[in-house]
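*Asks:* My structure is in structure_5.pdb, and what it holds is PDB, C-alpha atoms:
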```
ATOM      1  CA  MET A   1       2.527 -64.841 -53.421
ATOM      2  CA  GLN A   2      -1.246 -64.787 -53.855
ATOM      3  CA  GLU A   3      -3.369 -65.524 -50.822
ATOM      4  CA  LYS A   4      -5.363 -68.739 -50.827
ATOM      5  CA  LEU A   5      -9.037 -68.450 -49.943
ATOM      6  CA  VAL A   6     -11.779 -71.029 -49.398
ATOM      7  CA  ILE A   7     -15.278 -69.567 -49.644
ATOM      8  CA  ALA A   8     -18.348 -71.256 -48.135
ATOM      9  CA  LEU A   9     -21.572 -70.036 -49.736
ATOM     10  CA  GLY A  10     -24.762 -70.003 -47.653
ATOM     11  CA  GLY A  11     -28.214 -70.712 -49.033
ATOM     12  CA  ASN A  12     -29.043 -67.045 -49.660
ATOM     13  CA  ALA A  13     -26.171 -66.925 -52.151
ATOM     14  CA  LEU A  14     -27.890 -69.559 -54.283
ATOM     15  CA  GLN A  15     -31.598 -68.958 -53.927
ATOM     16  CA  ASP A  16     -33.927 -66.136 -52.935
ATOM     17  CA  GLN A  17     -36.261 -67.186 -50.121
ATOM     18  CA  ASN A  18     -39.186 -65.697 -52.048
ATOM     19  CA  SER A  19     -38.352 -67.360 -55.349
ATOM     20  CA  ASP A  20     -40.448 -70.015 -57.076
ATOM     21  CA  GLY A  21     -37.654 -72.572 -56.822
ATOM     22  CA  SER A  22     -37.200 -72.790 -60.592
ATOM     23  CA  ALA A  23     -33.823 -73.249 -62.254
ATOM     24  CA  GLU A  24     -34.203 -69.849 -63.903
ATOM     25  CA  SER A  25     -34.767 -68.014 -60.620
ATOM     26  CA  GLN A  26     -31.842 -69.804 -58.995
ATOM     27  CA  LEU A  27     -29.551 -68.901 -61.876
ATOM     28  CA  GLU A  28     -30.496 -65.234 -61.490
ATOM     29  CA  VAL A  29     -29.465 -65.285 -57.814
ATOM     30  CA  VAL A  30     -26.263 -67.162 -58.653
ATOM     31  CA  ARG A  31     -25.380 -64.487 -61.224
ATOM     32  CA  ARG A  32     -25.554 -61.790 -58.540
ATOM     33  CA  THR A  33     -23.469 -63.960 -56.233
ATOM     34  CA  CYS A  34     -20.844 -64.607 -58.897
ATOM     35  CA  ALA A  35     -20.447 -60.894 -59.554
ATOM     36  CA  GLN A  36     -19.100 -60.632 -55.997
ATOM     37  CA  LEU A  37     -16.960 -63.760 -56.354
ATOM     38  CA  ALA A  38     -15.451 -62.392 -59.566
ATOM     39  CA  GLU A  39     -14.498 -59.188 -57.746
ATOM     40  CA  ILE A  40     -12.685 -61.279 -55.115
ATOM     41  CA  SER A  41     -10.814 -63.152 -57.846
ATOM     42  CA  CYS A  42      -9.866 -59.901 -59.545
ATOM     43  CA  ARG A  43      -8.181 -58.807 -56.340
ATOM     44  CA  GLY A  44      -5.685 -61.614 -56.791
ATOM     45  CA  TYR A  45      -6.962 -64.353 -54.516
ATOM     46  CA  GLU A  46      -6.567 -68.001 -55.463
ATOM     47  CA  MET A  47      -9.840 -69.567 -54.362
ATOM     48  CA  ALA A  48     -12.137 -72.540 -54.158
ATOM     49  CA  ILE A  49     -15.881 -72.447 -53.605
ATOM     50  CA  VAL A  50     -17.977 -74.711 -51.381
ATOM     51  CA  HIS A  51     -21.767 -74.380 -51.538
ATOM     52  CA  GLY A  52     -24.823 -75.663 -49.698
ATOM     53  CA  ASN A  53     -27.615 -77.649 -51.337
ATOM     54  CA  GLY A  54     -30.459 -77.815 -48.794
ATOM     55  CA  PRO A  55     -33.446 -76.598 -50.824
ATOM     56  CA  GLN A  56     -32.155 -78.094 -54.065
ATOM     57  CA  VAL A  57     -31.587 -81.645 -52.841
ATOM     58  CA  GLY A  58     -34.963 -81.474 -51.089
ATOM     59  CA  ARG A  59     -36.656 -80.732 -54.407
ATOM     60  CA  ILE A  60     -34.804 -83.581 -56.117
ATOM     61  CA  LEU A  61     -36.031 -85.935 -53.395
ATOM     62  CA  LEU A  62     -39.570 -84.593 -53.672
ATOM     63  CA  ALA A  63     -39.569 -85.082 -57.439
ATOM     64  CA  GLY A  64     -38.407 -88.657 -56.993
ATOM     65  CA  GLU A  65     -41.038 -89.432 -54.384
ATOM     66  CA  THR A  66     -43.784 -87.826 -56.466
ATOM     67  CA  ALA A  67     -42.872 -89.937 -59.498
ATOM     68  CA  ARG A  68     -42.044 -93.121 -57.584
ATOM     69  CA  ASN A  69     -44.884 -95.043 -59.262
ATOM     70  CA  THR A  70     -43.363 -94.257 -62.658
ATOM     71  CA  VAL A  71     -39.584 -94.301 -62.078
ATOM     72  CA  PRO A  72     -37.579 -95.615 -59.106
ATOM     73  CA  PRO A  73     -36.544 -92.853 -56.654
ATOM     74  CA  MET A  74     -32.806 -92.243 -56.473
ATOM     75  CA  PRO A  75     -30.924 -92.974 -53.202
ATOM     76  CA  PHE A  76     -30.102 -89.937 -51.097
ATOM     77  CA  ASP A  77     -26.381 -89.973 -51.883
ATOM     78  CA  VAL A  78     -27.180 -89.961 -55.609
ATOM     79  CA  CYS A  79     -29.546 -87.015 -55.080
ATOM     80  CA  GLY A  80     -26.702 -85.182 -53.359
ATOM     81  CA  ALA A  81     -24.434 -85.804 -56.345
ATOM     82  CA  MET A  82     -27.178 -84.577 -58.699
ATOM     83  CA  SER A  83     -27.485 -81.353 -56.707
ATOM     84  CA  GLN A  84     -23.710 -80.864 -56.845
ATOM     85  CA  GLY A  85     -23.897 -81.186 -60.605
ATOM     86  CA  TYR A  86     -26.581 -78.657 -61.353
ATOM     87  CA  ILE A  87     -25.596 -76.086 -58.730
ATOM     88  CA  GLY A  88     -21.974 -76.367 -59.844
ATOM     89  CA  TYR A  89     -23.081 -75.930 -63.459
ATOM     90  CA  HIS A  90     -24.947 -72.727 -62.585
ATOM     91  CA  ILE A  91     -21.928 -71.324 -60.713
ATOM     92  CA  GLN A  92     -19.632 -72.299 -63.584
ATOM     93  CA  GLN A  93     -21.807 -70.478 -66.097
ATOM     94  CA  ALA A  94     -22.314 -67.353 -64.036
ATOM     95  CA  LEU A  95     -18.767 -67.037 -62.712
ATOM     96  CA  ARG A  96     -17.120 -67.544 -66.103
ATOM     97  CA  TYR A  97     -19.324 -64.772 -67.494
ATOM     98  CA  ALA A  98     -18.618 -62.437 -64.556
ATOM     99  CA  LEU A  99     -14.864 -63.010 -64.855
ATOM    100  CA  ALA A 100     -14.884 -62.466 -68.619
ATOM    101  CA  ALA A 101     -16.847 -59.223 -68.186
ATOM    102  CA  ARG A 102     -13.964 -58.017 -65.998
ATOM    103  CA  GLY A 103     -11.299 -59.065 -68.484
ATOM    104  CA  ARG A 104     -10.154 -62.005 -66.383
ATOM    105  CA  LYS A 105      -9.778 -65.288 -68.241
ATOM    106  CA  LEU A 106      -9.722 -68.068 -65.682
ATOM    107  CA  PRO A 107     -11.259 -71.543 -65.957
ATOM    108  CA  VAL A 108     -14.002 -72.507 -63.496
ATOM    109  CA  VAL A 109     -14.353 -76.213 -62.721
ATOM    110  CA  ALA A 110     -17.137 -77.963 -60.787
ATOM    111  CA  LEU A 111     -15.973 -81.235 -59.250
ATOM    112  CA  THR A 112     -18.327 -83.917 -57.999
ATOM    113  CA  THR A 113     -16.795 -84.556 -54.591
ATOM    114  CA  GLN A 114     -17.054 -87.413 -52.116
ATOM    115  CA  VAL A 115     -16.252 -86.926 -48.429
ATOM    116  CA  VAL A 116     -15.461 -89.879 -46.190
ATOM    117  CA  VAL A 117     -17.381 -90.182 -42.928
ATOM    118  CA  ASP A 118     -16.950 -92.625 -40.061
ATOM    119  CA  GLY A 119     -19.661 -95.266 -39.922
ATOM    120  CA  GLU A 120     -19.255 -95.233 -36.131
ATOM    121  CA  ASP A 121     -19.874 -91.481 -35.891
ATOM    122  CA  LYS A 122     -22.311 -90.932 -33.024
ATOM    123  CA  ALA A 123     -24.489 -88.817 -35.329
ATOM    124  CA  PHE A 124     -25.777 -92.007 -36.968
ATOM    125  CA  ALA A 125     -27.351 -93.035 -33.664
ATOM    126  CA  ASN A 126     -29.276 -89.766 -33.492
ATOM    127  CA  PRO A 127     -30.389 -88.551 -36.944
ATOM    128  CA  THR A 128     -31.468 -84.900 -36.807
ATOM    129  CA  LYS A 129     -31.195 -83.429 -40.322
ATOM    130  CA  PRO A 130     -34.644 -83.156 -42.001
ATOM    131  CA  ILE A 131     -34.770 -83.951 -45.713
ATOM    132  CA  GLY A 132     -37.411 -84.441 -48.381
ATOM    133  CA  PRO A 133     -41.211 -84.096 -48.264
ATOM    134  CA  PHE A 134     -43.685 -84.380 -45.399
ATOM    135  CA  TYR A 135     -45.641 -87.589 -44.889
ATOM    136  CA  THR A 136     -48.718 -88.628 -42.952
ATOM    137  CA  ALA A 137     -48.161 -90.727 -39.849
ATOM    138  CA  GLN A 138     -49.292 -93.834 -41.731
ATOM    139  CA  GLU A 139     -46.996 -93.161 -44.692
ATOM    140  CA  ALA A 140     -44.071 -92.531 -42.367
ATOM    141  CA  GLU A 141     -44.690 -95.776 -40.492
ATOM    142  CA  THR A 142     -44.838 -97.728 -43.754
ATOM    143  CA  LEU A 143     -41.573 -96.230 -44.973
ATOM    144  CA  ARG A 144     -39.966 -96.825 -41.594
ATOM    145  CA  LYS A 145     -40.748-100.534 -41.900
ATOM    146  CA  GLU A 146     -39.968-100.863 -45.617
ATOM    147  CA  LYS A 147     -36.792 -98.762 -45.829
ATOM    148  CA  ASN A 148     -35.661 -98.442 -42.212
ATOM    149  CA  TRP A 149     -35.877 -94.651 -42.430
ATOM    150  CA  SER A 150     -36.002 -92.425 -39.348
ATOM    151  CA  PHE A 151     -38.739 -89.789 -38.986
ATOM    152  CA  ARG A 152     -39.598 -86.851 -36.776
ATOM    153  CA  GLU A 153     -42.881 -85.026 -36.527
ATOM    154  CA  GLU A 154     -43.081 -81.298 -37.205
ATOM    155  CA  THR A 155     -46.163 -79.859 -35.554
ATOM    156  CA  GLY A 156     -48.846 -78.941 -38.031
ATOM    157  CA  LYS A 157     -46.865 -80.182 -41.024
ATOM    158  CA  GLY A 158     -46.562 -83.933 -40.668
ATOM    159  CA  TRP A 159     -43.715 -86.417 -40.489
ATOM    160  CA  ARG A 160     -40.384 -85.849 -42.199
ATOM    161  CA  ARG A 161     -37.410 -88.089 -42.785
ATOM    162  CA  VAL A 162     -34.271 -87.273 -40.807
ATOM    163  CA  VAL A 163     -30.716 -88.393 -41.509
ATOM    164  CA  ALA A 164     -27.433 -88.158 -39.659
ATOM    165  CA  SER A 165     -25.024 -85.227 -39.942
ATOM    166  CA  PRO A 166     -21.601 -86.843 -39.386
ATOM    167  CA  GLN A 167     -18.234 -85.123 -39.275
ATOM    168  CA  PRO A 168     -16.190 -84.902 -42.491
ATOM    169  CA  LYS A 169     -13.025 -87.006 -42.248
ATOM    170  CA  ARG A 170     -11.380 -86.953 -45.678
ATOM    171  CA  ILE A 171     -12.015 -85.357 -49.074
ATOM    172  CA  VAL A 172     -11.673 -88.162 -51.605
ATOM    173  CA  GLU A 173     -10.948 -85.913 -54.599
ATOM    174  CA  LEU A 174      -8.487 -83.699 -52.702
ATOM    175  CA  ALA A 175      -5.551 -84.574 -54.974
ATOM    176  CA  SER A 176      -7.601 -83.452 -57.979
ATOM    177  CA  VAL A 177      -8.512 -80.195 -56.244
ATOM    178  CA  LYS A 178      -4.836 -79.520 -55.538
ATOM    179  CA  LEU A 179      -3.919 -80.331 -59.139
ATOM    180  CA  LEU A 180      -6.525 -77.899 -60.456
ATOM    181  CA  TRP A 181      -5.894 -75.197 -57.860
ATOM    182  CA  PRO A 182      -3.135 -73.193 -59.623
ATOM    183  CA  HIS A 183      -5.033 -73.194 -62.904
ATOM    184  CA  ALA A 184      -8.730 -72.723 -62.093
ATOM    185  CA  ILE A 185     -11.361 -71.737 -59.580
ATOM    186  CA  VAL A 186     -12.627 -75.050 -58.229
ATOM    187  CA  ILE A 187     -16.189 -75.637 -57.028
ATOM    188  CA  THR A 188     -15.974 -78.607 -54.680
ATOM    189  CA  CYS A 189     -17.541 -80.311 -51.648
ATOM    190  CA  GLY A 190     -20.981 -79.103 -52.753
ATOM    191  CA  GLY A 191     -23.591 -79.669 -50.081
ATOM    192  CA  GLY A 192     -20.751 -80.689 -47.766
ATOM    193  CA  GLY A 193     -19.752 -83.421 -50.201
ATOM    194  CA  VAL A 194     -21.423 -86.735 -51.010
ATOM    195  CA  PRO A 195     -20.963 -88.717 -47.775
ATOM    196  CA  VAL A 196     -19.314 -92.093 -48.287
ATOM    197  CA  GLN A 197     -17.920 -94.851 -46.120
ATOM    198  CA  GLU A 198     -14.632 -96.424 -47.121
ATOM    199  CA  HIS A 199     -14.299-100.209 -46.902
ATOM    200  CA  GLU A 200     -11.120-102.168 -46.205
ATOM    201  CA  ASP A 201     -10.832-103.182 -49.871
ATOM    202  CA  GLY A 202     -10.760 -99.503 -50.868
ATOM    203  CA  THR A 203     -14.292 -99.347 -52.256
ATOM    204  CA  MET A 204     -16.580 -96.458 -51.416
ATOM    205  CA  GLU A 205     -20.257 -96.698 -50.507
ATOM    206  CA  GLY A 206     -22.613 -93.726 -50.358
ATOM    207  CA  VAL A 207     -24.598 -93.248 -47.172
ATOM    208  CA  ALA A 208     -27.807 -91.354 -46.409
ATOM    209  CA  ALA A 209     -26.416 -88.409 -44.476
ATOM    210  CA  VAL A 210     -25.778 -84.666 -44.708
ATOM    211  CA  ILE A 211     -22.354 -83.205 -43.972
ATOM    212  CA  ASP A 212     -22.366 -79.588 -42.863
ATOM    213  CA  LYS A 213     -20.881 -77.599 -45.751
ATOM    214  CA  ASP A 214     -19.094 -75.144 -43.447
ATOM    215  CA  LEU A 215     -17.226 -78.008 -41.760
ATOM    216  CA  SER A 216     -16.281 -79.481 -45.148
ATOM    217  CA  ALA A 217     -15.116 -76.033 -46.280
ATOM    218  CA  GLU A 218     -12.946 -75.831 -43.181
ATOM    219  CA  LEU A 219     -11.435 -79.270 -43.852
ATOM    220  CA  LEU A 220     -10.679 -78.192 -47.413
ATOM    221  CA  ALA A 221      -9.103 -74.959 -46.150
ATOM    222  CA  GLU A 222      -6.818 -76.977 -43.869
ATOM    223  CA  GLU A 223      -5.813 -79.399 -46.612
ATOM    224  CA  VAL A 224      -4.937 -76.739 -49.208
ATOM    225  CA  ALA A 225      -3.217 -74.541 -46.582
ATOM    226  CA  ALA A 226      -5.583 -71.655 -47.251
ATOM    227  CA  ASP A 227      -4.695 -68.283 -45.738
ATOM    228  CA  LYS A 228      -8.320 -67.424 -44.993
ATOM    229  CA  LEU A 229     -11.640 -69.200 -44.623
ATOM    230  CA  LEU A 230     -14.496 -66.921 -45.711
ATOM    231  CA  ILE A 231     -17.962 -68.069 -44.601
ATOM    232  CA  LEU A 232     -20.773 -66.139 -46.269
ATOM    233  CA  THR A 233     -24.218 -66.072 -44.694
ATOM    234  CA  GLU A 234     -27.238 -63.774 -44.340
ATOM    235  CA  VAL A 235     -25.862 -61.444 -41.656
ATOM    236  CA  GLU A 236     -22.973 -59.004 -41.744
ATOM    237  CA  LYS A 237     -21.577 -60.041 -38.374
ATOM    238  CA  VAL A 238     -21.891 -62.774 -35.773
ATOM    239  CA  ALA A 239     -23.888 -61.596 -32.760
ATOM    240  CA  ILE A 240     -24.590 -62.593 -29.184
ATOM    241  CA  HIS A 241     -28.122 -62.213 -27.812
ATOM    242  CA  PHE A 242     -29.246 -62.437 -31.448
ATOM    243  CA  GLY A 243     -32.726 -61.054 -32.108
ATOM    244  CA  LYS A 244     -33.014 -59.519 -28.638
ATOM    245  CA  PRO A 245     -32.915 -55.856 -27.600
ATOM    246  CA  GLU A 246     -29.444 -56.389 -26.152
ATOM    247  CA  GLN A 247     -28.063 -57.921 -29.368
ATOM    248  CA  LYS A 248     -24.361 -57.172 -29.798
ATOM    249  CA  ASP A 249     -22.611 -57.578 -33.132
ATOM    250  CA  LEU A 250     -19.046 -58.835 -32.897
ATOM    251  CA  ASP A 251     -16.157 -57.427 -34.942
ATOM    252  CA  HIS A 252     -13.622 -59.901 -33.581
ATOM    253  CA  LEU A 253     -13.636 -63.226 -31.771
ATOM    254  CA  SER A 254     -10.657 -64.997 -30.288
ATOM    255  CA  LEU A 255     -10.740 -68.777 -30.121
ATOM    256  CA  SER A 256     -11.392 -68.702 -26.368
ATOM    257  CA  GLN A 257     -14.168 -66.100 -26.702
ATOM    258  CA  ALA A 258     -15.862 -68.076 -29.465
ATOM    259  CA  ALA A 259     -15.749 -71.239 -27.356
ATOM    260  CA  GLU A 260     -17.198 -69.401 -24.374
ATOM    261  CA  TYR A 261     -20.094 -67.930 -26.360
ATOM    262  CA  ALA A 262     -20.792 -71.250 -28.067
ATOM    263  CA  LYS A 263     -20.924 -73.047 -24.722
ATOM    264  CA  ALA A 264     -23.338 -70.397 -23.421
ATOM    265  CA  GLY A 265     -25.714 -71.134 -26.316
ATOM    266  CA  HIS A 266     -25.429 -67.822 -28.142
ATOM    267  CA  PHE A 267     -25.239 -69.432 -31.587
ATOM    268  CA  GLY A 268     -28.128 -71.291 -33.213
ATOM    269  CA  VAL A 269     -27.531 -75.026 -33.606
ATOM    270  CA  GLY A 270     -28.836 -75.158 -37.168
ATOM    271  CA  SER A 271     -27.575 -71.753 -38.265
ATOM    272  CA  MET A 272     -24.632 -69.839 -36.789
ATOM    273  CA  LEU A 273     -23.099 -72.526 -34.547
ATOM    274  CA  PRO A 274     -21.590 -74.703 -37.314
ATOM    275  CA  LYS A 275     -20.127 -71.594 -38.932
ATOM    276  CA  VAL A 276     -18.446 -70.543 -35.703
ATOM    277  CA  GLN A 277     -17.295 -74.121 -35.078
ATOM    278  CA  ALA A 278     -15.749 -74.273 -38.548
ATOM    279  CA  ALA A 279     -13.980 -70.956 -37.955
ATOM    280  CA  MET A 280     -12.693 -72.201 -34.601
ATOM    281  CA  ARG A 281     -11.300 -75.394 -36.136
ATOM    282  CA  PHE A 282      -9.512 -73.437 -38.826
ATOM    283  CA  VAL A 283      -7.661 -71.076 -36.493
ATOM    284  CA  ARG A 284      -7.002 -73.865 -34.005
ATOM    285  CA  HIS A 285      -5.322 -75.861 -36.769
ATOM    286  CA  ASP A 286      -3.058 -72.921 -37.640
ATOM    287  CA  PRO A 287      -2.951 -69.991 -35.169
ATOM    288  CA  GLU A 288      -1.479 -67.751 -37.876
ATOM    289  CA  LYS A 289      -4.620 -68.000 -40.035
ATOM    290  CA  GLU A 290      -7.943 -66.139 -39.938
ATOM    291  CA  ALA A 291     -11.582 -67.013 -40.541
ATOM    292  CA  ILE A 292     -14.202 -64.423 -41.494
ATOM    293  CA  ILE A 293     -17.972 -64.688 -41.203
ATOM    294  CA  THR A 294     -20.009 -62.068 -43.036
ATOM    295  CA  SER A 295     -22.738 -61.506 -45.615
ATOM    296  CA  LEU A 296     -22.313 -61.920 -49.357
ATOM    297  CA  ASP A 297     -22.791 -58.217 -50.107
ATOM    298  CA  LYS A 298     -20.116 -57.265 -47.556
ATOM    299  CA  CYS A 299     -17.514 -59.859 -48.539
ATOM    300  CA  ILE A 300     -15.105 -57.424 -50.202
ATOM    301  CA  GLU A 301     -15.204 -55.020 -47.279
ATOM    302  CA  ALA A 302     -14.753 -57.929 -44.877
ATOM    303  CA  LEU A 303     -11.631 -59.113 -46.711
ATOM    304  CA  GLU A 304     -10.331 -55.547 -46.400
ATOM    305  CA  GLY A 305     -10.918 -55.706 -42.643
ATOM    306  CA  LYS A 306     -13.687 -53.090 -42.661
ATOM    307  CA  THR A 307     -16.564 -55.293 -41.502
ATOM    308  CA  GLY A 308     -17.571 -58.878 -40.760
ATOM    309  CA  THR A 309     -16.598 -60.971 -37.742
ATOM    310  CA  HIS A 310     -12.929 -61.934 -37.791
ATOM    311  CA  ILE A 311     -12.018 -65.061 -35.842
ATOM    312  CA  THR A 312      -8.385 -65.485 -34.850
ATOM    313  CA  PHE A 313      -6.484 -67.673 -32.395
ATOM    314  CA  ALA A 314      -5.953 -64.815 -29.926
TER     315      ALA A 314
END
```
Is it possible to give me this structure as structure tokens?
*Replies:*
Amino acid sequence: MQEKLVIALGGNALQDQNSDGSAESQLEVVRRTCAQLAEISCRGYEMAIVHGNGPQVGRILLAGETARNTVPPMPFDVCGAMSQGYIGYHIQQALRYALAARGRKLPVVALTTQVVVDGEDKAFANPTKPIGPFYTAQEAETLRKEKNWSFREETGKGWRRVVASPQPKRIVELASVKLLWPHAIVITCGGGGVPVQEHEDGTMEGVAAVIDKDLSAELLAEEVAADKLLILTEVEKVAIHFGKPEQKDLDHLSLSQAAEYAKAGHFGVGSMLPKVQAAMRFVRHDPEKEAIITSLDKCIEALEGKTGTHITFA
């Protein structure tokens, strides 16, 4: 039986930090990424792909705000869905080509995906995720009054809107993902999924929030009974004392070790911590499974056990 794999793609897999932010430059990066993903598929894995959308959804918001005197800006949840669409389209294009070049004919499907969040999640009381453009203090105050937005000041840059980052509770399109799974590579939960609240009558309502894509990837991995969760980021291995002379790269982490290091503050809140937390949840859910954190260019070697940080229950 083929192993099931859920892959979470970090921002560096979609866009070069030094790029101009154009669609063409993003597609070039995605092509390089998909060459690696195609190699994984050729090794016999059944897989789904979850991607981030930070820079992309920010540009969509900026475009809307810039043109707000001409066309109405789209709500944040709609912007998230738009980013899912065009990033998914780029991955579809590039991955289909990379698979075909290797003689592997396999459909690639991008699915606009909603993820249910709890309206009572404590994250809504303390929004922390910055999105969109910077504003002057006066502009921020006006928007705060008009739209009830929350803002935080970034020294030297201005005021920026912040939204909540609630926990993912349920993947709305999960049944569709499972239906497609045996027949295609599915791109789903892009940007962590479009966050929605579910009402008693069964209707869904989008909310202004950002779900961490690594946590959504973990939830997906649980629900499809994946054998491995592969989280791809900028570094080859998780480290403690990161960036310091005593930095130590980690080949293996048990659940208890990961919890201990996380509690001690070794992992950055906005960077490595959610990746480690996602890995911990996955192996806690099923002690027989494994999560791997590594860089895109080392993903094949990591799956072979030659590098990366491997997180297991014990």
*Asks:* Taking the file as shown, what set of residues would the PyMOL selection byres ((chain A and resi 295) around 6) give back, as a ChimeraX atom specification?
*Replies:* /A:232-236,294,296-298
*Asks:* Hey, can you check how far CA of Glu205 (chain A) sits from CA of Asn53 (chain A)?
*Replies:* 20.4 Å
*Asks:* Give me, as JSON, numbers by chain, all polymer residues having an atom no more than 6 Å from region 175-191 of chain A, counting only C-alpha atoms and skipping those fewer than 6 positions away in the same chain.
*Replies:* {"A": [47, 48, 49, 50, 51, 52, 53, 84, 106, 107, 108, 109, 110, 111, 113, 213]}
*Asks:* How many Å lie between CA of Val116 (chain A) and CA of Ile171 (chain A), rounded to one decimal?
*Replies:*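 CA of Ile171 (chain A) lies 6.4 Å from CA of Val116 (chain A).
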*Asks:* I'd like the interatomic distance between CA of Glu154 (chain A) and CA of Asp118 (chain A), to a tenth of an Å.
*Replies:*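 Computed distance, CA of Glu154 (chain A) to CA of Asp118 (chain A), equals 28.6 Å.
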*Asks:* For the file shown, what are the residues hit by the PyMOL selection byres ((chain A and resi 114) around 7), laid out as a PyMOL selection string?
*Replies:* chain A and resi 112-113+115-116+171-173+193-196
*Asks:* Tell me which residues the PyMOL selection byres ((chain A and resi 77) around 7) grabs here, as number ranges by chain.
*Replies:* A: 75-76, 78-81, 194-195, 206-208
